[in-house]
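Below is upload02.cif, which holds mmCIF, C-alpha atoms.
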```
data_input
#
loop_
_atom_site.group_PDB
_atom_site.id
_atom_site.type_symbol
_atom_site.label_atom_id
_atom_site.label_comp_id
_atom_site.auth_asym_id
_atom_site.auth_seq_id
_atom_site.Cartn_x
_atom_site.Cartn_y
_atom_site.Cartn_z
ATOM 1 C CA MET A 296 -31.800 68.462 -5.391
ATOM 2 C CA ASN A 297 -29.335 70.354 -7.559
ATOM 3 C CA LEU A 298 -25.729 70.999 -6.612
ATOM 4 C CA VAL A 299 -25.558 73.936 -4.234
ATOM 5 C CA MET A 300 -22.828 76.463 -4.955
ATOM 6 C CA ASN A 301 -22.851 78.301 -1.636
ATOM 7 C CA GLU A 302 -24.103 75.878 0.980
ATOM 8 C CA TYR A 303 -23.667 78.392 3.797
ATOM 9 C CA LYS A 304 -26.017 80.905 2.149
ATOM 10 C CA TYR A 305 -28.431 78.138 1.196
ATOM 11 C CA ALA A 306 -28.678 76.965 4.805
ATOM 12 C CA GLU A 307 -28.822 80.505 6.163
ATOM 13 C CA ASN A 308 -31.760 81.336 3.878
ATOM 14 C CA LEU A 309 -33.658 78.257 5.075
ATOM 15 C CA VAL A 310 -32.946 79.027 8.729
ATOM 16 C CA ASN A 311 -34.151 82.630 8.382
ATOM 17 C CA LYS A 312 -37.201 81.860 6.245
ATOM 18 C CA GLU A 313 -40.425 82.691 8.085
ATOM 19 C CA ASN A 314 -42.877 80.433 6.259
ATOM 20 C CA LEU A 315 -41.492 77.026 5.360
ATOM 21 C CA SER A 316 -43.294 74.486 3.173
ATOM 22 C CA ILE A 317 -42.739 70.914 2.003
ATOM 23 C CA GLU A 318 -40.911 72.313 -1.045
ATOM 24 C CA ASP A 319 -38.128 73.560 1.236
ATOM 25 C CA ILE A 320 -37.195 69.989 2.163
ATOM 26 C CA GLY A 321 -36.284 69.416 -1.489
ATOM 27 C CA THR A 322 -36.414 66.307 -3.621
ATOM 28 C CA LYS A 323 -33.587 64.759 -1.566
ATOM 29 C CA PRO A 324 -34.341 65.543 2.097
ATOM 30 C CA SER A 325 -31.129 63.867 3.268
ATOM 31 C CA ARG A 326 -29.063 66.411 1.297
ATOM 32 C CA THR A 327 -31.016 69.331 2.742
ATOM 33 C CA LEU A 328 -30.721 67.987 6.282
ATOM 34 C CA ASN A 329 -27.004 67.351 5.811
ATOM 35 C CA ILE A 330 -26.345 70.929 4.675
ATOM 36 C CA LEU A 331 -28.359 72.272 7.590
ATOM 37 C CA ALA A 332 -26.540 69.985 10.041
ATOM 38 C CA ARG A 333 -23.144 71.151 8.754
ATOM 39 C CA TYR A 334 -24.318 74.771 8.960
ATOM 40 C CA TYR A 335 -25.396 74.415 12.589
ATOM 41 C CA ARG A 336 -22.152 72.622 13.448
ATOM 42 C CA GLU A 337 -20.169 75.398 11.774
ATOM 43 C CA ILE A 338 -21.859 78.068 13.887
ATOM 44 C CA GLY A 339 -21.060 76.180 17.073
ATOM 45 C CA LYS A 340 -24.110 74.032 17.873
ATOM 46 C CA ASP A 341 -23.641 70.694 19.656
ATOM 47 C CA ASP A 342 -25.113 67.377 18.492
ATOM 48 C CA ASP A 343 -28.241 67.484 20.658
ATOM 49 C CA THR A 344 -29.034 71.044 19.597
ATOM 50 C CA ILE A 345 -28.524 70.182 15.916
ATOM 51 C CA LYS A 346 -30.911 67.226 16.226
ATOM 52 C CA ARG A 347 -33.557 69.427 17.842
ATOM 53 C CA LEU A 348 -33.152 72.151 15.199
ATOM 54 C CA LEU A 349 -33.410 69.670 12.309
ATOM 55 C CA LEU A 350 -36.565 68.128 13.735
ATOM 56 C CA ASP A 351 -38.001 71.600 14.234
ATOM 57 C CA PHE A 352 -37.209 72.416 10.584
ATOM 58 C CA LEU A 353 -39.008 69.286 9.403
ATOM 59 C CA GLN A 354 -42.014 70.032 11.588
ATOM 60 C CA ARG A 355 -42.291 73.560 10.199
ATOM 61 C CA CYS A 356 -42.037 72.248 6.629
ATOM 62 C CA LEU A 357 -44.466 69.341 6.983
ATOM 63 C CA GLN A 358 -46.809 70.833 9.606
ATOM 64 C CA ASP A 359 -49.748 68.416 10.102
ATOM 65 C CA ASN A 360 -48.015 65.688 8.100
ATOM 66 C CA TYR A 361 -44.982 65.654 10.371
ATOM 67 C CA LYS A 362 -44.215 62.415 12.239
ATOM 68 C CA GLU A 363 -41.000 62.445 14.239
ATOM 69 C CA SER A 364 -40.664 58.647 14.186
ATOM 70 C CA ARG A 365 -40.390 58.745 10.395
ATOM 71 C CA TRP A 366 -37.495 61.209 10.400
ATOM 72 C CA ILE A 367 -35.542 60.580 13.578
ATOM 73 C CA ASP A 368 -33.128 57.994 12.095
ATOM 74 C CA SER A 369 -32.338 60.237 9.105
ATOM 75 C CA VAL A 370 -31.715 63.199 11.405
ATOM 76 C CA PHE A 371 -29.331 61.164 13.564
ATOM 77 C CA ARG A 372 -27.420 60.031 10.453
ATOM 78 C CA GLN A 373 -27.020 63.555 9.103
ATOM 79 C CA VAL A 374 -25.822 64.861 12.461
ATOM 80 C CA LYS A 375 -23.174 62.136 12.415
ATOM 81 C CA TYR A 376 -22.181 62.797 8.770
ATOM 82 C CA SER A 377 -21.990 66.538 9.394
ATOM 83 C CA ARG A 378 -18.654 66.031 11.165
ATOM 84 C CA LYS A 379 -16.946 64.938 7.931
ATOM 85 C CA TYR A 380 -16.946 68.030 5.695
ATOM 86 C CA GLY A 381 -17.284 71.781 5.947
ATOM 87 C CA LEU A 382 -19.733 73.842 3.915
ATOM 88 C CA LYS A 383 -18.947 74.728 0.306
ATOM 89 C CA ARG A 384 -18.822 78.448 -0.409
ATOM 90 C CA VAL A 385 -18.758 79.324 -4.121
ATOM 91 C CA ASP A 386 -20.392 82.636 -5.006
ATOM 92 C CA GLY A 387 -19.842 82.551 -8.750
ATOM 93 C CA ILE A 388 -18.326 80.493 -11.565
ATOM 94 C CA HIS A 389 -16.639 82.661 -14.189
ATOM 95 C CA ILE A 390 -16.855 81.595 -17.829
ATOM 96 C CA THR A 391 -14.349 83.118 -20.245
ATOM 97 C CA LYS A 392 -14.550 84.149 -23.890
ATOM 98 C CA SER A 393 -12.019 81.508 -24.871
ATOM 99 C CA GLU A 394 -14.184 78.779 -23.322
ATOM 100 C CA ILE A 395 -17.351 80.036 -25.017
ATOM 101 C CA ASP A 396 -15.532 80.279 -28.367
ATOM 102 C CA THR A 397 -14.425 76.650 -28.067
ATOM 103 C CA ILE A 398 -17.959 75.506 -27.292
ATOM 104 C CA GLN A 399 -19.418 77.433 -30.221
ATOM 105 C CA LEU A 400 -17.043 75.738 -32.653
ATOM 106 C CA VAL A 401 -18.952 72.515 -31.974
ATOM 107 C CA LYS A 402 -21.868 71.837 -34.324
ATOM 108 C CA GLY A 403 -25.249 71.325 -32.690
ATOM 109 C CA LYS A 404 -26.917 73.203 -29.842
ATOM 110 C CA ARG A 405 -27.411 70.076 -27.759
ATOM 111 C CA LYS A 406 -23.690 69.283 -27.824
ATOM 112 C CA GLN A 407 -22.929 72.914 -26.961
ATOM 113 C CA LYS A 408 -25.320 72.824 -24.012
ATOM 114 C CA VAL A 409 -23.759 69.617 -22.671
ATOM 115 C CA LEU A 410 -20.223 70.994 -23.101
ATOM 116 C CA PHE A 411 -21.196 74.217 -21.344
ATOM 117 C CA THR A 412 -22.701 72.212 -18.483
ATOM 118 C CA LEU A 413 -19.593 70.056 -18.135
ATOM 119 C CA LEU A 414 -17.471 73.217 -18.123
ATOM 120 C CA VAL A 415 -19.514 74.820 -15.331
ATOM 121 C CA ILE A 416 -19.515 71.665 -13.202
ATOM 122 C CA ALA A 417 -15.763 71.160 -13.632
ATOM 123 C CA LYS A 418 -15.051 74.771 -12.668
ATOM 124 C CA TYR A 419 -17.346 74.384 -9.656
ATOM 125 C CA TYR A 420 -15.349 71.391 -8.412
ATOM 126 C CA ASN A 421 -12.124 73.271 -9.143
ATOM 127 C CA ALA A 422 -13.416 76.024 -6.860
ATOM 128 C CA VAL A 423 -14.083 73.660 -3.972
ATOM 129 C CA SER A 424 -10.922 71.563 -4.379
ATOM 130 C CA GLU A 425 -7.511 72.785 -5.507
ATOM 131 C CA SER A 426 -6.585 69.256 -6.567
ATOM 132 C CA ASN A 427 -9.647 68.650 -8.759
ATOM 133 C CA ASN A 428 -7.829 69.326 -12.055
ATOM 134 C CA ASN A 429 -10.870 70.122 -14.234
ATOM 135 C CA TRP A 430 -12.934 67.004 -13.474
ATOM 136 C CA ALA A 431 -16.730 67.196 -13.591
ATOM 137 C CA ASN A 432 -17.501 64.671 -10.853
ATOM 138 C CA THR A 433 -21.102 64.037 -11.874
ATOM 139 C CA ASP A 434 -22.760 61.108 -13.629
ATOM 140 C CA CYS A 435 -23.994 61.530 -17.203
ATOM 141 C CA ARG A 436 -27.675 61.408 -16.310
ATOM 142 C CA LYS A 437 -27.276 64.404 -14.001
ATOM 143 C CA VAL A 438 -25.133 66.259 -16.550
ATOM 144 C CA PHE A 439 -27.758 65.916 -19.276
ATOM 145 C CA SER A 440 -30.517 66.924 -16.857
ATOM 146 C CA LEU A 441 -28.631 70.084 -15.894
ATOM 147 C CA ALA A 442 -27.985 70.726 -19.581
ATOM 148 C CA ASN A 443 -31.741 70.604 -20.308
ATOM 149 C CA VAL A 444 -31.068 67.903 -22.907
ATOM 150 C CA GLN A 445 -33.336 64.862 -23.114
ATOM 151 C CA MET A 446 -31.738 61.812 -24.742
ATOM 152 C CA THR A 447 -31.700 58.067 -24.271
ATOM 153 C CA THR A 448 -28.847 56.626 -22.230
ATOM 154 C CA GLN A 449 -27.395 55.153 -25.412
ATOM 155 C CA ASP A 450 -27.454 58.510 -27.224
ATOM 156 C CA GLN A 451 -25.891 60.193 -24.205
ATOM 157 C CA GLY A 452 -23.021 57.734 -24.394
ATOM 158 C CA LEU A 453 -22.593 58.337 -28.121
ATOM 159 C CA MET A 454 -22.443 62.107 -27.614
ATOM 160 C CA ILE A 455 -19.927 61.840 -24.779
ATOM 161 C CA ASN A 456 -17.794 59.521 -26.917
ATOM 162 C CA GLU A 457 -17.888 62.015 -29.801
ATOM 163 C CA LEU A 458 -16.774 64.859 -27.515
ATOM 164 C CA TYR A 459 -13.968 62.577 -26.302
ATOM 165 C CA ARG A 460 -12.847 61.752 -29.851
ATOM 166 C CA ASN A 461 -12.720 65.477 -30.620
ATOM 167 C CA ASP A 462 -10.352 65.952 -27.643
ATOM 168 C CA LEU A 463 -12.753 68.258 -25.799
ATOM 169 C CA ILE A 464 -12.996 65.965 -22.781
ATOM 170 C CA ASN A 465 -11.173 63.033 -21.169
ATOM 171 C CA LEU A 466 -12.870 60.043 -19.567
ATOM 172 C CA SER A 467 -11.955 58.391 -16.298
ATOM 173 C CA ARG A 468 -9.958 55.170 -16.642
ATOM 174 C CA ASN A 469 -11.830 53.838 -13.626
ATOM 175 C CA VAL A 470 -14.850 52.021 -15.102
ATOM 176 C CA GLY A 471 -16.760 52.446 -11.850
ATOM 177 C CA LYS A 472 -16.466 56.231 -11.945
ATOM 178 C CA PRO A 473 -18.390 58.339 -14.480
ATOM 179 C CA ASN A 474 -16.074 61.349 -14.144
ATOM 180 C CA ILE A 475 -15.343 63.537 -17.169
ATOM 181 C CA GLN A 476 -12.396 65.914 -17.432
ATOM 182 C CA VAL A 477 -12.836 69.125 -19.427
ATOM 183 C CA ASN A 478 -9.882 69.929 -21.710
ATOM 184 C CA PHE A 479 -10.571 73.535 -22.696
ATOM 185 C CA ILE A 480 -10.705 75.440 -19.412
ATOM 186 C CA ASP A 481 -8.972 78.807 -19.753
ATOM 187 C CA ASP A 482 -9.196 80.952 -16.625
ATOM 188 C CA LYS A 483 -6.785 83.556 -17.998
ATOM 189 C CA ALA A 484 -9.077 84.842 -20.761
ATOM 190 C CA ASP A 485 -11.658 87.623 -20.358
ATOM 191 C CA VAL A 486 -14.725 86.713 -18.276
ATOM 192 C CA VAL A 487 -17.961 87.036 -20.263
ATOM 193 C CA LEU A 488 -20.455 85.264 -17.982
ATOM 194 C CA THR A 489 -20.765 84.445 -14.279
ATOM 195 C CA ILE A 490 -22.939 81.523 -13.168
ATOM 196 C CA THR A 491 -24.480 81.872 -9.711
ATOM 197 C CA GLN A 492 -26.579 78.708 -9.472
ATOM 198 C CA LEU A 493 -26.174 75.168 -10.707
ATOM 199 C CA LYS A 494 -29.459 74.515 -12.467
ATOM 200 C CA ASP A 495 -30.883 74.929 -15.972
ATOM 201 C CA LEU A 496 -27.356 75.306 -17.290
ATOM 202 C CA GLY A 497 -28.321 74.422 -20.849
ATOM 203 C CA ASN A 498 -30.987 77.111 -20.849
ATOM 204 C CA GLU A 499 -28.507 79.481 -19.193
ATOM 205 C CA TYR A 500 -26.219 78.947 -22.180
ATOM 206 C CA LEU A 501 -29.061 79.630 -24.636
ATOM 207 C CA LEU A 502 -29.950 82.799 -22.726
ATOM 208 C CA TYR A 503 -26.338 83.956 -23.037
ATOM 209 C CA CYS A 504 -26.522 83.242 -26.772
ATOM 210 C CA GLY A 505 -29.476 85.626 -27.044
ATOM 211 C CA GLU A 506 -32.263 83.092 -27.362
ATOM 212 C CA ASN A 507 -35.770 83.616 -26.031
ATOM 213 C CA TYR A 508 -35.235 82.799 -22.336
ATOM 214 C CA VAL A 509 -35.492 84.685 -19.051
ATOM 215 C CA HIS A 510 -34.687 84.147 -15.361
ATOM 216 C CA CYS A 511 -37.603 83.463 -13.036
ATOM 217 C CA GLU A 512 -37.820 86.476 -10.718
ATOM 218 C CA ARG A 513 -38.548 84.257 -7.727
ATOM 219 C CA CYS A 514 -36.215 81.239 -7.928
ATOM 220 C CA GLY A 515 -33.809 82.133 -10.725
ATOM 221 C CA ALA A 516 -34.700 79.192 -12.986
ATOM 222 C CA VAL A 517 -34.163 79.847 -16.698
ATOM 223 C CA VAL A 518 -37.399 79.461 -18.655
ATOM 224 C CA ARG A 519 -38.559 80.185 -22.179
ATOM 225 C CA LYS A 520 -40.386 83.469 -22.610
ATOM 226 C CA SER A 521 -44.059 83.399 -23.507
ATOM 227 C CA ARG A 522 -45.185 84.792 -26.864
ATOM 228 C CA ASN A 523 -46.203 88.090 -25.279
ATOM 229 C CA GLY A 524 -42.769 88.422 -23.694
ATOM 230 C CA LYS A 525 -44.203 89.063 -20.220
ATOM 231 C CA THR A 526 -42.890 85.942 -18.508
ATOM 232 C CA ARG A 527 -41.765 86.684 -14.945
ATOM 233 C CA TYR A 528 -41.897 83.300 -13.237
ATOM 234 C CA CYS A 529 -41.335 79.627 -13.931
ATOM 235 C CA LYS A 530 -44.387 77.356 -13.791
ATOM 236 C CA ASN A 531 -43.913 76.317 -10.153
ATOM 237 C CA CYS A 532 -43.274 79.838 -8.894
ATOM 238 C CA SER A 533 -46.176 81.208 -10.924
ATOM 239 C CA GLU A 534 -48.510 78.807 -9.096
ATOM 240 C CA VAL A 535 -47.063 79.823 -5.726
ATOM 241 C CA VAL A 536 -47.331 83.542 -6.522
ATOM 242 C CA ASN A 537 -50.952 83.132 -7.671
ATOM 243 C CA LYS A 538 -51.799 81.278 -4.433
ATOM 244 C CA GLU A 539 -50.155 84.036 -2.382
ATOM 245 C CA LYS A 540 -52.118 86.706 -4.248
ATOM 246 C CA THR A 541 -55.341 84.766 -3.678
ATOM 247 C CA ARG A 542 -54.637 84.485 0.078
ATOM 248 C CA GLU A 543 -53.857 88.199 0.281
ATOM 249 C CA ARG A 544 -57.044 89.069 -1.598
ATOM 250 C CA MET A 545 -59.171 86.837 0.635
ATOM 251 C CA SER A 546 -57.512 88.339 3.727
ATOM 252 C CA ARG A 547 -58.372 91.869 2.574
ATOM 253 C CA ILE A 548 -61.974 90.826 1.924
ATOM 254 C CA ARG A 549 -62.292 89.326 5.404
ATOM 255 C CA LYS A 550 -60.894 92.476 6.991
ATOM 256 C CA GLN A 551 -63.343 94.625 5.043
ATOM 257 C CA ASN A 552 -66.252 92.489 6.226
ATOM 258 C CA VAL A 553 -65.300 92.716 9.877
#
```
Taking this structure as input, can you express it in the form of structure tokens?
Amino acid sequence: MNLVMNEYKYAENLVNKENLSIEDIGTKPSRTLNILARYYREIGKDDDTIKRLLLDFLQRCLQDNYKESRWIDSVFRQVKYSRKYGLKRVDGIHITKSEIDTIQLVKGKRKQKVLFTLLVIAKYYNAVSESNNNWANTDCRKVFSLANVQMTTQDQGLMINELYRNDLINLSRNVGKPNIQVNFIDDKADVVLTITQLKDLGNEYLLYCGENYVHCERCGAVVRKSRNGKTRYCKNCSEVVNKEKTRERMSRIRKQNV
């Protein structure tokens, strides 16, 4: 599950969605359940009600594959953890011309994509904590995934070290923490781009640079355009849309035959 900028809206969309599927649980169900639990707590639900609502959500997502005994312990944990923090509400991360100019001085698109990703993550954490001070509190593996850059762990380390030597980032002195501090944040310059979701950030940067990418009309993922330039959806959403069209077509046929 990617970082969620506006957890309140994320939870609200899930709560109001008519037809849930297993995809709505996400790749990390505990994160999804935790956001939902915090949402329900924020709107005034008590512990027992939150537990019931979370189990109902899981049942609607999993349908015939739902087994309460498998999920009950996780639900109880997330209800307990939901007391710790409120929901994050970040509607947009503003990127300035000065920041883009600094990134584009760096040679190599992969380094630029990683720097852009670190910048966005750091500004996200600045938005949710006044004391963050430009730290991107995310491990390298996640950073490179969000940057759409595939490299070995060793090469990732070499790139991060190079960015550090060029004074673009600082590294945490705590060996146990992978945090990276971004040195070129400039919120006073003109805004040239606003990020509204924390995924495909490397491709988002390439799209801004005018390369052959487009936003999926359904989920917002940034994907490369096809040769005919008619790309509307990412691969996953394209499959879902085609299935929905097939169901609609079959439904019309059945109605005509009645």
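The result of the PyMOL selection byres ((chain A and resi 514) around 12) on the shown file is Thr491, Gln492, Lys494, Asp495, Val509, His510, Cys511, Glu512, Arg513, Gly515, Ala516, Val517, Val518, Arg527, Tyr528, Cys529, Lys530, Asn531, Cys532, Ser533, Val535 and Val536 of chain A.
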Could the residues in this selection be written to a file with C-alpha atoms, as a PDB file, keeping the file's coordinate frame?
```
ATOM      1  CA  THR A 491     -24.480  81.872  -9.711  1.00  0.00           C
ATOM      2  CA  GLN A 492     -26.579  78.708  -9.472  1.00  0.00           C
ATOM      3  CA  LYS A 494     -29.459  74.515 -12.467  1.00  0.00           C
ATOM      4  CA  ASP A 495     -30.883  74.929 -15.972  1.00  0.00           C
ATOM      5  CA  VAL A 509     -35.492  84.685 -19.051  1.00  0.00           C
ATOM      6  CA  HIS A 510     -34.687  84.147 -15.361  1.00  0.00           C
ATOM      7  CA  CYS A 511     -37.603  83.463 -13.036  1.00  0.00           C
ATOM      8  CA  GLU A 512     -37.820  86.476 -10.718  1.00  0.00           C
ATOM      9  CA  ARG A 513     -38.548  84.257  -7.727  1.00  0.00           C
ATOM     10  CA  GLY A 515     -33.809  82.133 -10.725  1.00  0.00           C
ATOM     11  CA  ALA A 516     -34.700  79.192 -12.986  1.00  0.00           C
ATOM     12  CA  VAL A 517     -34.163  79.847 -16.698  1.00  0.00           C
ATOM     13  CA  VAL A 518     -37.399  79.461 -18.655  1.00  0.00           C
ATOM     14  CA  ARG A 527     -41.765  86.684 -14.945  1.00  0.00           C
ATOM     15  CA  TYR A 528     -41.897  83.300 -13.237  1.00  0.00           C
ATOM     16  CA  CYS A 529     -41.335  79.627 -13.931  1.00  0.00           C
ATOM     17  CA  LYS A 530     -44.387  77.356 -13.791  1.00  0.00           C
ATOM     18  CA  ASN A 531     -43.913  76.317 -10.153  1.00  0.00           C
ATOM     19  CA  CYS A 532     -43.274  79.838  -8.894  1.00  0.00           C
ATOM     20  CA  SER A 533     -46.176  81.208 -10.924  1.00  0.00           C
ATOM     21  CA  VAL A 535     -47.063  79.823  -5.726  1.00  0.00           C
ATOM     22  CA  VAL A 536     -47.331  83.542  -6.522  1.00  0.00           C
TER      23      VAL A 536
END
```
Fill in: For Phe411 of chain A: contacts at 9 Å, only C-alpha atoms, fewer than 6 positions along chain excluded, given as a count of residues only
7
Item to complete: Would you list the contacts of Ser325 of chain A as a PyMOL selection string, taking every protein, DNA or RNA residue within 8 Å and counting all atoms listed in the file, but skipping same-chain residues closer than 2 positions in sequence?
Response: chain A and resi 323+327-329+369+373
Fill in: Selection dump of the PyMOL selection byres ((chain A and resi 419) around 10), as an MDAnalysis selection string
chainID A and resid 298:300 385:389 413:418 420:424 427 429:432 490 493
Worksheet, complete the sentence: Closest of A:Gly403, A:Gly505, A:Gly524, A:Pro324 to Leu357 of chain A, counting only C-alpha atoms, is A:Pro324
